[in-house]
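Colleague: mmCIF, C-alpha atoms, file final_30.cif:
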```cif
data_final
loop_
_atom_site.label_atom_id
_atom_site.label_comp_id
_atom_site.auth_asym_id
_atom_site.auth_seq_id
_atom_site.Cartn_x
_atom_site.Cartn_y
_atom_site.Cartn_z
CA MET A 1 0.00 0.00 0.00
CA SER A 2 1.34 3.45 -0.94
CA PRO A 3 1.91 6.05 1.81
CA LEU A 4 -1.03 8.12 0.56
CA ALA A 5 -3.40 5.14 0.39
CA ASP A 6 -2.37 4.23 3.94
CA ARG A 7 -3.12 7.79 5.15
CA LEU A 8 -6.51 7.79 3.41
CA GLU A 9 -7.40 4.57 5.17
CA GLN A 10 -6.27 5.93 8.53
CA ALA A 11 -8.13 9.21 8.08
CA GLY A 12 -11.30 7.41 7.01
CA ALA A 13 -11.20 5.05 9.98
CA GLU A 14 -10.67 7.83 12.52
CA ALA A 15 -13.25 10.12 10.89
CA ALA A 16 -15.81 7.27 10.90
CA ALA A 17 -15.30 6.91 14.64
CA ARG A 18 -15.78 10.63 15.37
CA ALA A 19 -18.30 11.85 12.76
CA ASP A 20 -21.61 10.86 11.16
CA HIS A 21 -20.21 11.03 7.62
CA TRP A 22 -16.83 11.77 6.06
CA GLU A 23 -15.38 12.57 2.63
CA ILE A 24 -11.73 12.97 1.59
CA LEU A 25 -10.28 14.68 -1.46
CA ALA A 26 -6.53 14.12 -1.98
CA VAL A 27 -4.38 15.49 -4.77
CA GLU A 28 -0.92 14.25 -5.79
CA ARG A 29 0.89 16.42 -8.30
CA ASP A 30 4.28 16.19 -9.99
CA ASP A 31 5.49 19.23 -11.95
CA THR A 32 8.42 19.36 -14.35
CA VAL A 33 9.27 22.89 -15.48
CA VAL A 34 11.57 23.99 -18.30
CA GLU A 35 12.44 27.66 -18.63
CA VAL A 36 13.03 29.10 -22.10
CA GLY A 37 15.22 32.20 -22.39
CA SER A 38 15.86 33.88 -25.75
CA GLY A 39 14.62 30.76 -27.52
CA VAL A 40 16.89 28.36 -25.62
CA PRO A 41 15.52 25.75 -23.15
CA ASP A 42 17.50 26.27 -19.99
CA LEU A 43 16.74 25.45 -16.39
CA VAL A 44 14.81 22.27 -15.55
CA ARG A 45 13.25 21.83 -12.14
CA SER A 46 10.81 19.40 -10.59
CA ALA A 47 8.42 19.48 -7.64
CA HIS A 48 6.07 17.06 -5.91
CA GLU A 49 3.04 18.08 -3.86
CA THR A 50 0.43 16.12 -1.94
CA ALA A 51 -2.54 17.70 -0.16
CA LEU A 52 -5.63 16.36 1.61
CA CYS A 53 -9.02 17.88 2.32
CA LEU A 54 -11.31 16.18 4.85
CA ARG A 55 -14.98 17.10 5.19
CA VAL A 56 -17.08 15.61 7.99
CA HIS A 57 -20.74 15.79 8.99
CA ARG A 58 -21.29 15.89 12.74
CA ASN A 59 -24.50 16.72 14.58
CA GLY A 60 -26.05 18.08 11.39
CA ARG A 61 -23.19 20.43 10.50
CA VAL A 62 -20.21 20.35 8.15
CA GLY A 63 -16.59 20.76 9.18
CA THR A 64 -13.64 20.98 6.79
CA ALA A 65 -9.88 20.79 7.26
CA THR A 66 -6.94 20.67 4.83
CA THR A 67 -3.29 19.74 5.16
CA THR A 68 -0.14 19.04 3.19
CA ARG A 69 1.28 16.96 6.08
CA LEU A 70 0.57 13.27 5.59
CA ASP A 71 2.05 12.40 8.98
CA ASP A 72 -0.65 14.18 11.03
CA VAL A 73 -3.91 12.40 10.22
CA HIS A 74 -5.07 12.71 13.84
CA GLY A 75 -4.67 16.49 13.72
CA LEU A 76 -6.53 16.70 10.40
CA VAL A 77 -9.54 14.79 11.72
CA GLY A 78 -9.53 16.73 14.97
CA GLU A 79 -9.57 20.07 13.17
CA ALA A 80 -12.44 19.01 10.90
CA VAL A 81 -14.50 17.82 13.87
CA ARG A 82 -13.87 21.06 15.78
CA ASN A 83 -14.81 23.16 12.74
CA ALA A 84 -18.08 21.24 12.42
CA ALA A 85 -19.26 22.76 15.70
CA HIS A 86 -19.68 26.10 13.93
CA GLY A 87 -19.99 24.94 10.31
CA PRO A 88 -22.89 25.26 7.86
CA PRO A 89 -25.80 22.82 7.90
CA ALA A 90 -24.98 19.43 6.38
CA PRO A 91 -26.83 18.35 3.20
CA ARG A 92 -29.28 15.50 3.58
CA ASP A 93 -27.82 13.54 0.68
CA PRO A 94 -23.98 13.60 0.40
CA VAL A 95 -22.82 13.11 -3.18
CA ILE A 96 -19.06 12.61 -2.97
CA GLY A 97 -17.71 9.15 -3.55
CA ARG A 98 -20.47 7.63 -5.66
CA ASN A 99 -20.06 9.15 -9.11
CA ALA A 100 -16.55 8.84 -10.53
CA ALA A 101 -15.63 5.50 -12.03
CA PRO A 102 -12.47 3.94 -10.55
CA GLU A 103 -9.43 4.45 -12.69
CA ALA A 104 -5.81 3.53 -12.16
CA ALA A 105 -3.53 6.46 -11.48
CA GLU A 106 -0.92 5.80 -14.13
CA ARG A 107 2.40 7.38 -13.27
CA PRO A 108 5.00 7.58 -16.04
CA ALA A 109 8.72 7.29 -15.53
CA ALA A 110 10.46 10.53 -14.56
CA ASP A 111 12.62 10.59 -17.70
CA GLU A 112 9.49 10.35 -19.89
CA GLY A 113 8.10 13.53 -18.31
CA THR A 114 11.40 15.37 -18.73
CA ARG A 115 11.69 14.36 -22.39
CA SER A 116 8.17 15.50 -23.30
CA VAL A 117 8.37 18.84 -21.54
CA ARG A 118 11.78 19.55 -23.07
CA LEU A 119 10.39 18.63 -26.51
CA LEU A 120 7.63 21.22 -26.13
CA ALA A 121 10.13 23.78 -24.81
CA GLU A 122 12.30 23.19 -27.89
CA GLN A 123 9.28 23.81 -30.13
CA LEU A 124 8.62 27.04 -28.27
CA GLY A 125 12.24 28.05 -28.76
CA ALA A 126 12.04 27.15 -32.46
CA LEU A 127 9.41 29.87 -32.87
CA GLN A 128 12.21 32.37 -32.33
CA ARG A 129 13.95 31.12 -35.46
CA SER A 130 10.81 30.84 -37.59
CA ALA A 131 9.10 34.06 -36.42
CA GLY A 132 12.12 36.25 -35.81
CA LEU A 133 10.82 37.28 -32.38
CA THR A 134 12.68 36.70 -29.12
CA VAL A 135 10.81 34.03 -27.15
CA HIS A 136 10.82 33.68 -23.35
CA GLY A 137 8.64 31.61 -21.09
CA THR A 138 8.09 28.42 -19.16
CA VAL A 139 6.67 25.03 -20.07
CA THR A 140 5.26 22.98 -17.21
CA ARG A 141 4.33 19.33 -17.48
CA THR A 142 1.91 18.27 -14.75
CA GLN A 143 0.98 14.74 -13.74
CA GLN A 144 -1.97 14.92 -11.38
CA ALA A 145 -3.87 12.21 -9.53
CA VAL A 146 -7.10 13.04 -7.70
CA HIS A 147 -8.27 10.58 -5.04
CA ARG A 148 -11.71 10.58 -3.47
CA ALA A 149 -12.64 8.45 -0.50
CA ALA A 150 -15.94 8.08 1.37
CA PRO A 151 -17.70 5.33 3.33
CA ASP A 152 -19.07 3.86 0.08
CA GLY A 153 -15.69 3.48 -1.62
CA ARG A 154 -12.64 5.12 -3.12
CA THR A 155 -11.88 6.35 -6.65
CA THR A 156 -8.75 7.65 -8.36
CA THR A 157 -8.54 9.61 -11.59
CA SER A 158 -5.37 10.85 -13.22
CA ASP A 159 -4.42 13.29 -15.94
CA ARG A 160 -1.34 14.86 -17.49
CA PHE A 161 -1.08 18.07 -19.39
CA PHE A 162 1.22 20.96 -20.27
CA HIS A 163 0.90 24.58 -19.29
CA ILE A 164 2.69 27.20 -21.40
CA ALA A 165 3.32 30.79 -20.38
CA ALA A 166 5.27 32.50 -23.15
CA LEU A 167 6.13 35.95 -24.42
CA ALA A 168 7.34 36.63 -27.96
CA GLU A 169 8.76 40.11 -28.33
CA GLY A 170 10.32 42.25 -31.03
CA SER A 171 11.31 45.88 -31.19
CA ALA A 172 7.69 47.09 -31.01
CA VAL A 173 5.44 44.07 -30.35
CA GLN A 174 5.00 41.86 -27.31
CA LEU A 175 2.78 38.83 -27.81
CA PRO A 176 1.91 36.89 -24.61
CA TRP A 177 0.23 33.49 -24.57
CA THR A 178 -0.99 31.44 -21.62
CA GLY A 179 -2.67 28.17 -22.39
CA TRP A 180 -2.89 24.41 -21.96
CA THR A 181 -2.30 21.36 -24.13
CA ARG A 182 -2.43 17.63 -23.52
CA THR A 183 0.16 16.79 -26.15
CA PRO A 184 3.73 18.10 -26.42
CA GLU A 185 2.81 20.08 -29.52
CA LEU A 186 2.24 23.80 -29.99
CA PRO A 187 -1.12 24.73 -31.53
CA ALA A 188 -0.53 25.24 -35.25
CA ALA A 189 -2.81 28.28 -35.33
CA LEU A 190 -0.78 29.91 -32.56
CA ALA A 191 2.51 29.39 -34.38
CA ALA A 192 1.04 30.81 -37.59
CA TRP A 193 -0.28 33.83 -35.68
CA LEU A 194 3.11 34.60 -34.10
CA GLU A 195 4.83 34.33 -37.47
CA ALA A 196 2.29 36.69 -39.03
CA ALA A 197 2.59 39.20 -36.20
CA ALA A 198 6.38 39.10 -36.45
CA GLY A 199 6.07 40.56 -39.94
CA TRP A 200 4.33 43.62 -38.48
CA ASP A 201 7.08 44.38 -35.93
CA GLY A 202 8.70 47.08 -38.05
CA LEU A 203 5.51 48.96 -38.89
CA PRO A 204 5.14 52.61 -37.81
CA ALA A 205 3.14 53.73 -34.78
CA ALA A 206 -0.43 54.73 -35.59
CA ASP A 207 -3.71 55.90 -34.07
CA ALA A 208 -7.04 54.14 -34.43
CA PRO A 209 -9.37 55.47 -37.16
CA SER A 210 -11.76 58.19 -36.07
CA GLY A 211 -15.46 57.44 -36.22
CA ASP A 212 -17.00 54.02 -36.74
CA HIS A 213 -14.59 51.27 -37.74
CA ASP A 214 -14.29 47.49 -37.69
CA VAL A 215 -12.71 45.66 -34.75
CA LEU A 216 -10.95 42.31 -35.10
CA LEU A 217 -10.17 40.66 -31.75
CA ALA A 218 -7.49 38.01 -31.23
CA PRO A 219 -8.30 35.06 -28.88
CA SER A 220 -6.59 36.73 -25.91
CA ALA A 221 -8.77 39.83 -26.32
CA VAL A 222 -11.86 37.65 -26.85
CA HIS A 223 -11.12 36.01 -23.49
CA THR A 224 -11.11 39.45 -21.85
CA LEU A 225 -14.31 40.44 -23.66
CA LEU A 226 -16.15 37.28 -22.55
CA THR A 227 -15.01 37.43 -18.93
CA PRO A 228 -17.88 39.71 -17.78
CA LEU A 229 -20.44 37.27 -19.18
CA VAL A 230 -18.62 34.19 -17.89
CA THR A 231 -18.40 35.82 -14.45
CA ALA A 232 -22.05 36.93 -14.55
CA LEU A 233 -23.11 33.31 -15.20
CA ASN A 234 -20.99 32.06 -12.29
CA GLY A 235 -23.04 30.83 -9.35
CA THR A 236 -20.93 32.88 -6.94
CA ALA A 237 -21.85 36.14 -8.72
CA VAL A 238 -25.49 35.08 -8.97
CA THR A 239 -25.83 34.37 -5.24
CA ALA A 240 -24.04 37.60 -4.34
CA GLY A 241 -26.30 39.73 -6.55
CA ARG A 242 -23.38 40.80 -8.74
CA SER A 243 -24.62 39.34 -12.03
CA PHE A 244 -25.99 41.61 -14.74
CA VAL A 245 -27.55 38.68 -16.60
CA ALA A 246 -28.94 36.38 -13.87
CA GLY A 247 -32.38 37.99 -13.98
CA HIS A 248 -32.53 37.87 -17.77
CA LEU A 249 -31.90 34.21 -18.59
CA GLY A 250 -33.91 33.18 -21.61
CA GLU A 251 -33.84 36.67 -23.12
CA PRO A 252 -31.94 37.59 -26.32
CA PHE A 253 -28.59 39.11 -25.44
CA LEU A 254 -26.06 38.39 -28.23
CA HIS A 255 -26.18 37.76 -31.97
CA PRO A 256 -28.51 34.82 -32.77
CA SER A 257 -25.65 32.76 -34.24
CA ILE A 258 -23.49 32.97 -31.09
CA GLY A 259 -23.11 29.98 -28.77
CA LEU A 260 -21.03 29.44 -25.64
CA ARG A 261 -20.64 25.90 -24.35
CA ASP A 262 -18.49 24.27 -21.71
CA HIS A 263 -17.63 20.79 -22.94
CA PRO A 264 -14.78 18.28 -23.19
CA SER A 265 -12.55 17.63 -26.15
CA GLU A 266 -11.78 13.95 -26.45
CA PRO A 267 -8.09 13.27 -25.74
CA ALA A 268 -8.12 10.40 -28.24
CA ALA A 269 -9.06 12.77 -31.08
CA PRO A 270 -6.76 15.83 -31.07
CA ASP A 271 -8.58 18.97 -32.14
CA ASP A 272 -7.43 21.32 -34.88
CA GLU A 273 -5.62 23.75 -32.59
CA GLY A 274 -3.25 21.00 -31.46
CA THR A 275 -4.21 20.91 -27.80
CA GLY A 276 -5.31 17.30 -27.99
CA GLY A 277 -8.25 18.18 -25.76
CA LEU A 278 -8.22 20.06 -22.50
CA ALA A 279 -8.58 18.11 -19.27
CA TRP A 280 -12.10 17.04 -18.34
CA PRO A 281 -12.60 15.18 -15.05
CA GLY A 282 -15.34 12.68 -14.36
CA SER A 283 -16.73 14.70 -11.46
CA ASP A 284 -16.06 17.97 -9.70
CA ASP A 285 -14.68 18.37 -6.19
CA ASP A 286 -18.19 18.26 -4.73
CA GLY A 287 -18.62 14.81 -6.28
CA VAL A 288 -21.12 15.95 -8.93
CA PRO A 289 -20.58 14.38 -12.40
CA CYS A 290 -19.15 16.75 -15.00
CA ALA A 291 -21.21 17.03 -18.17
CA PRO A 292 -21.30 19.41 -21.14
CA LEU A 293 -23.22 22.58 -20.33
CA THR A 294 -24.64 25.12 -22.77
CA LEU A 295 -24.40 28.62 -21.32
CA VAL A 296 -25.48 30.67 -24.35
CA GLU A 297 -27.63 29.20 -27.11
CA ARG A 298 -28.40 31.17 -30.27
CA GLY A 299 -27.46 34.39 -28.52
CA VAL A 300 -29.60 33.70 -25.45
CA PRO A 301 -28.03 33.08 -22.00
CA VAL A 302 -29.81 29.96 -20.78
CA ARG A 303 -27.98 28.64 -17.73
CA ALA A 304 -25.59 29.59 -14.93
CA TYR A 305 -22.94 27.14 -13.74
CA HIS A 306 -22.83 26.07 -10.10
CA SER A 307 -21.04 24.27 -7.34
CA VAL A 308 -23.12 22.43 -4.74
CA ARG A 309 -23.00 25.45 -2.42
CA THR A 310 -24.09 28.07 -4.97
CA ALA A 311 -26.74 25.75 -6.41
CA ALA A 312 -28.26 25.25 -2.95
CA ALA A 313 -28.30 29.01 -2.40
CA CYS A 314 -30.14 29.50 -5.72
CA GLY A 315 -32.51 26.57 -5.24
CA THR A 316 -31.29 24.79 -8.38
CA ALA A 317 -29.26 21.71 -9.25
CA PRO A 318 -25.42 21.77 -9.26
CA THR A 319 -23.83 21.53 -12.71
CA GLY A 320 -20.55 19.78 -11.87
CA HIS A 321 -18.38 22.92 -11.89
CA GLY A 322 -17.33 23.10 -8.22
CA PHE A 323 -13.53 22.92 -8.12
CA ARG A 324 -10.80 23.78 -5.68
CA GLY A 325 -8.62 25.90 -7.95
CA ASN A 326 -9.76 24.60 -11.35
CA ALA A 327 -10.26 21.31 -13.13
CA LEU A 328 -6.79 21.43 -14.66
CA ARG A 329 -4.88 22.27 -11.52
CA ARG A 330 -6.50 21.43 -8.21
CA THR A 331 -5.58 23.54 -5.18
CA VAL A 332 -6.92 21.66 -2.17
CA LEU A 333 -6.28 24.57 0.21
CA LYS A 334 -8.82 26.71 -1.71
CA PRO A 335 -12.61 26.39 -1.30
CA ALA A 336 -14.67 24.77 -4.06
CA THR A 337 -16.08 27.47 -6.34
CA PRO A 338 -17.79 27.37 -9.77
CA VAL A 339 -15.16 27.21 -12.56
CA LEU A 340 -15.44 26.66 -16.32
CA ASN A 341 -13.12 24.01 -17.72
CA GLY A 342 -13.24 24.27 -21.51
CA ALA A 343 -15.62 26.96 -22.73
CA THR A 344 -15.90 27.22 -26.52
CA LEU A 345 -17.26 30.26 -28.35
CA SER A 346 -18.82 29.39 -31.69
CA ALA A 347 -21.02 30.81 -34.43
CA GLY A 348 -23.05 29.34 -37.24
CA PRO A 349 -21.33 28.25 -40.48
CA ALA A 350 -22.50 31.39 -42.25
CA HIS A 351 -20.54 33.50 -39.76
CA ALA A 352 -17.21 31.63 -39.76
CA GLY A 353 -14.12 31.97 -41.93
CA SER A 354 -10.34 31.86 -41.86
CA PHE A 355 -8.32 34.60 -40.17
CA ASP A 356 -7.11 35.76 -43.60
CA ASP A 357 -10.71 36.08 -44.77
CA LEU A 358 -11.66 38.10 -41.69
CA LEU A 359 -8.67 40.41 -42.13
CA ALA A 360 -9.31 40.86 -45.85
CA GLY A 361 -12.86 41.97 -45.11
CA VAL A 362 -11.76 44.98 -43.05
CA ARG A 363 -11.44 48.20 -45.05
CA ALA A 364 -10.71 50.46 -42.07
CA GLY A 365 -10.35 49.11 -38.55
CA VAL A 366 -8.15 47.79 -35.77
CA LEU A 367 -6.83 44.40 -34.71
CA VAL A 368 -6.75 44.10 -30.91
CA GLU A 369 -4.31 41.44 -29.71
CA SER A 370 -4.56 41.96 -25.96
CA LEU A 371 -5.86 44.32 -23.27
CA MET A 372 -4.67 45.23 -19.80
CA GLY A 373 -6.99 45.58 -16.79
CA GLY A 374 -10.11 44.36 -18.55
CA HIS A 375 -11.28 42.00 -15.78
CA GLN A 376 -11.74 44.51 -12.97
CA ARG A 377 -15.53 44.95 -13.19
CA ALA A 378 -16.31 41.48 -14.49
CA GLY A 379 -19.85 40.36 -13.68
CA LEU A 380 -21.07 43.83 -12.78
CA SER A 381 -21.20 45.24 -16.30
CA PRO A 382 -21.08 43.93 -19.89
CA VAL A 383 -18.64 46.72 -20.74
CA VAL A 384 -14.93 45.87 -20.64
CA GLU A 385 -12.78 48.87 -19.77
CA GLY A 386 -9.01 48.61 -19.93
CA ARG A 387 -5.97 49.73 -21.79
CA LEU A 388 -4.82 48.55 -25.16
CA ARG A 389 -1.73 46.41 -24.63
CA LEU A 390 -1.07 45.56 -28.27
CA GLY A 391 -3.08 46.37 -31.38
CA PHE A 392 -2.65 47.05 -35.06
CA LEU A 393 -4.16 49.44 -37.59
CA ILE A 394 -5.90 47.80 -40.58
CA ARG A 395 -6.33 49.49 -43.96
CA ASP A 396 -7.85 47.77 -47.01
CA GLY A 397 -7.46 44.28 -45.57
CA ARG A 398 -3.80 44.70 -44.57
CA VAL A 399 -2.09 45.53 -41.28
CA ALA A 400 -0.61 49.00 -41.73
CA GLY A 401 0.68 50.11 -38.32
CA ILE A 402 1.07 49.41 -34.60
CA LEU A 403 -1.49 51.19 -32.43
CA ARG A 404 -0.30 53.47 -29.68
CA GLN A 405 -1.38 52.37 -26.21
CA ARG A 406 -4.61 54.02 -25.17
CA PRO A 407 -7.70 53.45 -23.00
CA ILE A 408 -10.31 51.24 -24.63
CA ALA A 409 -13.88 50.20 -23.83
CA LEU A 410 -15.70 47.30 -25.50
CA ASP A 411 -19.35 46.39 -24.94
CA LEU A 412 -19.85 42.67 -25.48
CA ARG A 413 -23.52 43.35 -26.36
CA GLU A 414 -22.22 45.27 -29.37
CA VAL A 415 -19.16 43.25 -30.36
CA LEU A 416 -21.02 39.92 -30.04
CA GLY A 417 -24.44 41.47 -30.66
CA HIS A 418 -25.69 43.76 -33.41
CA HIS A 419 -22.15 44.61 -34.63
CA PHE A 420 -21.02 40.97 -34.81
CA ARG A 421 -19.91 39.72 -38.23
CA ALA A 422 -17.84 36.54 -37.97
CA VAL A 423 -15.48 34.27 -36.03
CA SER A 424 -12.41 32.44 -37.29
CA ASP A 425 -12.68 28.73 -38.01
CA ARG A 426 -9.67 27.90 -35.82
CA ARG A 427 -9.24 28.35 -32.08
CA TRP A 428 -6.61 27.84 -29.46
CA ALA A 429 -6.65 27.42 -25.71
CA VAL A 430 -6.48 30.55 -23.57
CA SER A 431 -6.39 30.26 -19.80
CA ARG A 432 -6.13 33.05 -17.28
CA VAL A 433 -9.21 33.67 -15.13
CA TRP A 434 -10.98 30.70 -16.80
CA SER A 435 -10.09 28.17 -19.49
CA GLY A 436 -11.51 28.20 -23.00
CA ARG A 437 -10.87 27.55 -26.69
CA LEU A 438 -11.41 30.83 -28.44
CA PRO A 439 -11.38 32.14 -32.03
CA PHE A 440 -10.74 35.53 -33.60
CA VAL A 441 -13.89 37.67 -33.61
CA LEU A 442 -14.78 40.36 -36.15
CA ALA A 443 -17.25 43.14 -35.36
CA GLY A 444 -18.19 45.96 -37.71
CA GLY A 445 -18.87 49.63 -37.17
CA THR A 446 -18.04 49.94 -33.45
#
```
Mind turning the file's structure into structure tokens?
Modeller:
Amino acid sequence: MSPLADRLEQAGAEAAARADHWEILAVERDDTVVEVGSGVPDLVRSAHETALCLRVHRNGRVGTATTTRLDDVHGLVGEAVRNAAHGPPAPRDPVIGRNAAPEAAERPAADEGTRSVRLLAEQLGALQRSAGLTVHGTVTRTQQAVHRAAPDGRTTTSDRFFHIAALAEGSAVQLPWTGWTRTPELPAALAAWLEAAAGWDGLPAADAPSGDHDVLLAPSAVHTLLTPLVTALNGTAVTAGRSFVAGHLGEPFLHPSIGLRDHPSEPAAPDDEGTGGLAWPGSDDDGVPCAPLTLVERGVPVRAYHSVRTAAACGTAPTGHGFRGNALRRTVLKPATPVLNGATLSAGPAHAGSFDDLLAGVRAGVLVESLMGGHQRAGLSPVVEGRLRLGFLIRDGRVAGILRQRPIALDLREVLGHHFRAVSDRRWAVSRVWSGRLPFVLAGGT
């Protein structure tokens, strides 16, 4: 029996003796990190982390305790029991432990992990040679096993994935990217985008056109634009009265071709952006099964996403989105909150085209690569206010200059509403506040 399995058994036995019901969530994580400086993979470091969260029901109340010390099971149980004296009321029907199918936690050899993460780091460095931009960043390979134990049994699920945080910079452009991939391959669309942007590095500084003009948003900017809506549909914002859309579910809000769905991408069938499918667990950290969820259908917000706690506060059913940290990277010491795992923005076939087609259709406009400070009022307003971090001037379907930094405000009801024109047919993973696979978006006359 492994040390962790032994501790789970000890904690379960002691908790059973001192509480009416008990549930354990344990996370084992191995990280291998390669740093890339000026296109060259450099420092390699590794780390291992194990953390436990115990939740008990005692005298009709819930008590929770967490620890990273496997040698103090008695202290963990004692703290959870003490916390139950002042905890919230216990649910009548505990859900943890009965939903996830048992699965072996496969753990690869250490050298396999080092080889794959270095391979991806070398691809990231190769972008410097192909794009002509200086590339810095980190590539992290994570092997994560999530264990759940309860009186009715124990389950283990495992996953491995790569996180990339990179910055490609030239004399006038700085292109950041933060995203996830299951396979040690860079998304092809991302590499093509960096190579295209590198050709604009020497363009002169310019101002945005005066008056109405088209706006083409890169996936990073689309993530910022969608964050107010994603936050407004979060059960935490709904229960706190900070959602501008909660009272208007079922009402038209965006363009009728727009859809937003949180759903898995099968790891056995790599998608066209090269991520090989983002992670998708069998159940959330409340024990509720994870299932695809449509948030916006034909431009109409139809559903919020919930953890068990926020669902109970709203009098609705949980949706399987309650995670400690997020589905990709569990953080046991954080409370379970509603989190999207793989949101995908889409539009009907009549409103989709290649990036080149979208660009060629702009006579006078701007291309916004990224914004700064656009998440500050998320959930309270559909208007994103921030500062342009990087953008380009477009004339007659060609990029003609680099925009000077300036304040910018975008209303998602306009960009994805009556001004919406099209999305690109390729996406890549973007992950900052939440994880999603996002396209370029073109809006006219904003």
Colleague: Quick check on the file I pasted: which residues fall under the PyMOL selection byres ((chain A and resi 197) around 12)? Write them as an NGL selection string.
Modeller: :A and (130-133 or 168-170 or 172-176 or 190-196 or 198-203 or 218 or 367-369 or 390-392 or 398-402)
Colleague: Taking the file as shown, find all residues satisfying the PyMOL selection byres ((chain A and resi 28) around 9) and write them as a ChimeraX atom specification.
Modeller: /A:4,26-27,29-30,48-51,143-147
Colleague: Give me the result of the PyMOL selection byres ((chain A and resi 259-262) around 6) on this file, residue by residue, as a PyMOL selection string.
Modeller: chain A and resi 258+263+292-298+342-346
Colleague: Between atom CA of Leu359 of chain A and atom CA of Ala206 of chain A, what is the spacing in Å?
Modeller: 17.8 Å
Colleague: Give me, please, the distance in Å between atom CA of Leu70 of chain A and atom CA of Leu54 of chain A, quoted to one decimal.
Modeller: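 Separating atom CA of Leu70 of chain A from atom CA of Leu54 of chain A is a distance of 12.3 Å.
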Colleague: May I ask for the distance between atom CA of Val34 of chain A and atom CA of Gln128 of chain A, given in Å to one decimal place?
Modeller: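 Separating atom CA of Val34 of chain A from atom CA of Gln128 of chain A is a distance of 16.4 Å.
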Colleague: Excluding same-chain residues fewer than 6 positions from Pro209 of chain A, what lies within 9 Å of it counting all atoms listed in the file, as a PyMOL selection string?
Modeller: chain A and resi 364-366+393
Colleague: Those same residues - C-alpha atoms - I'd like them written as a PDB file, keeping the file's coordinate frame.
Modeller:
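Written file, again-v2.pdb:
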```
ATOM      1  CA  ALA A 364     -10.710  50.460 -42.070  1.00  0.00           C
ATOM      2  CA  GLY A 365     -10.350  49.110 -38.550  1.00  0.00           C
ATOM      3  CA  VAL A 366      -8.150  47.790 -35.770  1.00  0.00           C
ATOM      4  CA  LEU A 393      -4.160  49.440 -37.590  1.00  0.00           C
TER       5      LEU A 393
END
```
Colleague: Tell me, as JSON, numbers by chain, which residues lie within 7 Å of Ala232 of chain A, counting only C-alpha atoms; anything in the same chain fewer than 5 positions away does not count.
Modeller: {"A": [237, 238, 243, 244, 245, 246, 379]}
Colleague: Let me make sure I understand: among A:Ala85, A:Val230, A:Ala5, A:Gly299, which one has the smallest atom-to-atom distance to Pro252 of chain A if we use all atoms listed in the file?
Modeller: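 For Pro252 of chain A, the nearest of the given residues is A:Gly299.
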Colleague: Excluding same-chain residues fewer than 5 positions from Asn326 of chain A, what lies within 9 Å of it counting only C-alpha atoms, as a list in words?
Modeller: His321, Thr331, Ala336, Thr337, Pro338, Val339, Leu340, Asn341, Trp434 and Ser435 of chain A
Colleague: Considering all atoms listed in the file, state which residue in the set A:Pro318, A:Arg303, A:Leu52, A:Phe161 is at the smallest distance from Pro289 of chain A.
Modeller: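 Closest to Pro289 of chain A, using all atoms listed in the file: A:Pro318.
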Colleague: So that I can check the surroundings of Arg82 of chain A, please list as a PyMOL selection string every protein, DNA and RNA residue that reaches within 10 Å of it, counting all atoms listed in the file and ignoring chain neighbours fewer than 3 positions away.
Modeller: chain A and resi 58+62-65+77-79+85-87
Colleague: Quick one: residues within 9 Å of Arg427 of chain A, only C-alpha atoms counted, chain neighbours fewer than 5 positions away excluded, as a ChimeraX atom specification?
Modeller: /A:187,189-190,219,272-273,344,437-440
Colleague: Which one is closest to His418 of chain A: A:Leu380, A:Leu254, A:Ala291, A:Ala208? Count all atoms listed in the file.
Modeller: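 For His418 of chain A, the nearest of the candidates is A:Leu254.
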Colleague: For each of A:Asp212, A:Asp411, A:Asp396, A:Glu23, take the minimum atom-to-atom distance to Thr155 of chain A, counting only C-alpha atoms, then give the residue where this is smallest.
Modeller: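 The closest residue to Thr155 of chain A is A:Glu23.
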Colleague: Give the answer as one residue: which of A:Thr140, A:Thr156, A:Ser307, A:Asn59 has the shortest atom-to-atom distance to Leu8 of chain A, using all atoms listed in the file?
Modeller: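 Checking each of A:Thr140, A:Thr156, A:Ser307, A:Asn59 against Leu8 of chain A, counting all atoms listed in the file, the winner is A:Thr156.
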Colleague: Which is closest to Leu226 of chain A among A:His21, A:Arg7, A:Arg413, A:His255, if we use only C-alpha atoms?
Modeller: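 Closest candidate: A:Arg413.
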